[in-house]
Amino acid sequence: MPIGTNVTGKMVTALKKLGFNKVFDTNTGADLTIMEEGNEFIERLSENKNLPMITSCSPGWVKYIEMNYTENLKHLSSCKSPHEMYGAILKTYYAEKNNINPNSICVVSVMPCVAKKYEANREELSNQGMKDVDIVITTRELARMIKQGNIEFVELEDSSFDEPMGEATGAGAIFGTTGGVMEAALRTVSEKLTGNSLEKIEFETVRGEEGIKRATVTIGEKEIKAVVAHGLANAQKIMEEIKSGKADYQFVEIMACPGGCVMGGGQPIKSSKTRMTVDVRKKRADALYTIDEKSVIRKSHENGVIKKLYDEFLEKPGSHKAHELLHTHYIAKEKYNI
Ligand code: SF4
């Protein structure tokens, strides 16, 4: 199929054929991450504390800072990544509502990322002895499983994600590309700070393939300086600015993989011939922006599932319960000797 084809519906059908009982949308978890991360950013901004705040949803990046910039760990957002948040909610709220013993739930995340396998095994990403996410398989592994299952993927009908946890917004969809987390967060943070619904919800200045993107966003009477970096060489440049005290920005998004998760290490590998003729990163990123454009709801805080989750269970972003289930901490780690 052409690179950048949206195969979400076919993937849900394939997962059901492979034997999964329920299939939910990780993008719902991304919406939840934005609620918590946006709230955390607003708190830090009002207290002028631990700024700039740096995103923490890329485990490759988190491991890098834990090994190389241990004195700057306080800058990382305490938010777990979207699939980890989602796993924690499935084993508490969802299990409670559906009268399921959480110990009998096995959460499998399908990810574009090899580092997510490591992340899911971090001890701190668990609740009452239960891992938030039990198993991670990469998109490449899923493709292999589909082939081994003799499933004619191209012929499959589309299916929808399972209710009641399957609703996601355009903001959740763009998480997978560089700049997407920042843009999704700015949509929610802007509205929360001004109390006004946004007229313009696209933040073009944080989009695109440039390794480091700097943007100043005016929100009400405030000016937020934001930086987006992808690839660890660019992350290192940003960290050197922060370490030396030269950083004058408040919000930083870092993704370890050049291009972001669309080019993650677990994604299908394209031949060098294809890579020379097609801009794979752009095609995949464009697919996400198209999903966003076509979404009826494009802001995480307007997601009905998320609103209900806070009303019925979490109370509000940053609540005690939200901290227990959705936030984590970081540990300085020794560098490997290679
Ligand atoms: S940027 Fe790479 S390491 Fe980070 S979450 Fe995405 S795929 Fe994983």
# chains A, B, ... in the order shown; residues from 1 in each chain; ligands from 1

call {"tool": "residues_around", "arguments": {"residues": "Val228 of chain A", "least_positions_apart": "4", "cutoff": "10 Å", "atoms": "only C-alpha atoms", "output": "PyMOL selection string"}}
result
chain A and resi 54-55+178-183+205-207+210-215+234-235+238+251-255

call {"tool": "residues_around", "arguments": {"residues": "Lys316 of chain A", "least_positions_apart": "2", "cutoff": "12 Å", "atoms": "only C-alpha atoms", "output": "ChimeraX atom specification"}}
result
/A:32,35-36,39-40,301,306-314,318-323

call {"tool": "residues_near_ligand", "arguments": {"ligand": "ligand 1", "cutoff": "6 Å", "atoms": "only C-alpha atoms and all ligand atoms", "output": "JSON, numbers by chain"}}
result
{"A": [58, 59, 60, 112, 113, 115, 255, 256, 257, 260, 261, 264, 265]}

call {"tool": "residues_around", "arguments": {"residues": "Ser160 of chain A", "least_positions_apart": "6", "cutoff": "9 Å", "atoms": "only C-alpha atoms", "output": "PyMOL selection string"}}
result
chain A and resi 8-9+12-13+23-24+166

call {"tool": "select_by_dssp", "arguments": {"residues": "segment 181-329 of chain A", "states": "helix (DSSP H, G or I)", "output": "PyMOL selection string"}}
result
chain A and resi 181-194+204-206+232-243+261-263+272-277+280-294+300-302+304-314+320-326

call {"tool": "atom_distance", "arguments": {"atom1": "atom CA of Ile3 of chain A", "atom2": "atom CA of Ser295 of chain A"}}
result
20.8 Å

call {"tool": "residues_around", "arguments": {"residues": "Thr139 of chain A", "least_positions_apart": "2", "cutoff": "7 Å", "atoms": "only C-alpha atoms", "output": "list of chain:residue names"}}
result
A:Val110, A:Met111, A:Pro112, A:Ile137, A:Glu141, A:Leu142, A:Ala143, A:Gly266, A:Gln267, A:Pro268

call {"tool": "write_last_selection", "arguments": {"atoms": "N, CA and C atoms", "output": "PDB file, in the first residue's frame"}}
result
ATOM      1  N   VAL A 110       0.625  -1.763  20.712  1.00  0.00           N
ATOM      2  CA  VAL A 110       1.269  -1.825  19.391  1.00  0.00           C
ATOM      3  C   VAL A 110       1.916  -0.464  19.158  1.00  0.00           C
ATOM      4  N   MET A 111       3.218  -0.455  19.024  1.00  0.00           N
ATOM      5  CA  MET A 111       3.968   0.800  19.034  1.00  0.00           C
ATOM      6  C   MET A 111       4.939   0.891  17.852  1.00  0.00           C
ATOM      7  N   PRO A 112       5.255   2.115  17.436  1.00  0.00           N
ATOM      8  CA  PRO A 112       6.254   2.271  16.371  1.00  0.00           C
ATOM      9  C   PRO A 112       7.674   2.216  16.921  1.00  0.00           C
ATOM     10  N   ILE A 137       4.431  -4.779  21.362  1.00  0.00           N
ATOM     11  CA  ILE A 137       4.905  -5.286  20.071  1.00  0.00           C
ATOM     12  C   ILE A 137       5.039  -4.082  19.127  1.00  0.00           C
ATOM     13  N   GLU A 141       6.491  -5.886  13.993  1.00  0.00           N
ATOM     14  CA  GLU A 141       6.149  -7.235  14.481  1.00  0.00           C
ATOM     15  C   GLU A 141       4.681  -7.560  14.201  1.00  0.00           C
ATOM     16  N   LEU A 142       3.823  -6.543  14.352  1.00  0.00           N
ATOM     17  CA  LEU A 142       2.405  -6.783  14.069  1.00  0.00           C
ATOM     18  C   LEU A 142       2.220  -7.174  12.600  1.00  0.00           C
ATOM     19  N   ALA A 143       2.908  -6.465  11.714  1.00  0.00           N
ATOM     20  CA  ALA A 143       2.801  -6.784  10.280  1.00  0.00           C
ATOM     21  C   ALA A 143       3.214  -8.240  10.039  1.00  0.00           C
ATOM     22  N   GLY A 266      10.706   0.816  15.448  1.00  0.00           N
ATOM     23  CA  GLY A 266       9.870  -0.386  15.303  1.00  0.00           C
ATOM     24  C   GLY A 266       8.995  -0.351  14.065  1.00  0.00           C
ATOM     25  N   GLN A 267       9.136   0.704  13.271  1.00  0.00           N
ATOM     26  CA  GLN A 267       8.285   0.855  12.084  1.00  0.00           C
ATOM     27  C   GLN A 267       8.778  -0.038  10.935  1.00  0.00           C
ATOM     28  N   PRO A 268       7.899  -0.331   9.970  1.00  0.00           N
ATOM     29  CA  PRO A 268       8.336  -1.098   8.799  1.00  0.00           C
ATOM     30  C   PRO A 268       9.546  -0.435   8.146  1.00  0.00           C
TER      31      PRO A 268
END

call {"tool": "closest_residue", "arguments": {"among": "A:Val227, A:Glu324, A:Lys74, A:Glu209", "to": "Ile89 of chain A", "atoms": "only C-alpha atoms"}}
result
A:Glu324

call {"tool": "residues_around", "arguments": {"residues": "Ala120 of chain A", "least_positions_apart": "4", "cutoff": "9 Å", "atoms": "only C-alpha atoms", "output": "number ranges by chain"}}
result
A: 84, 115-116, 125-126, 131-136
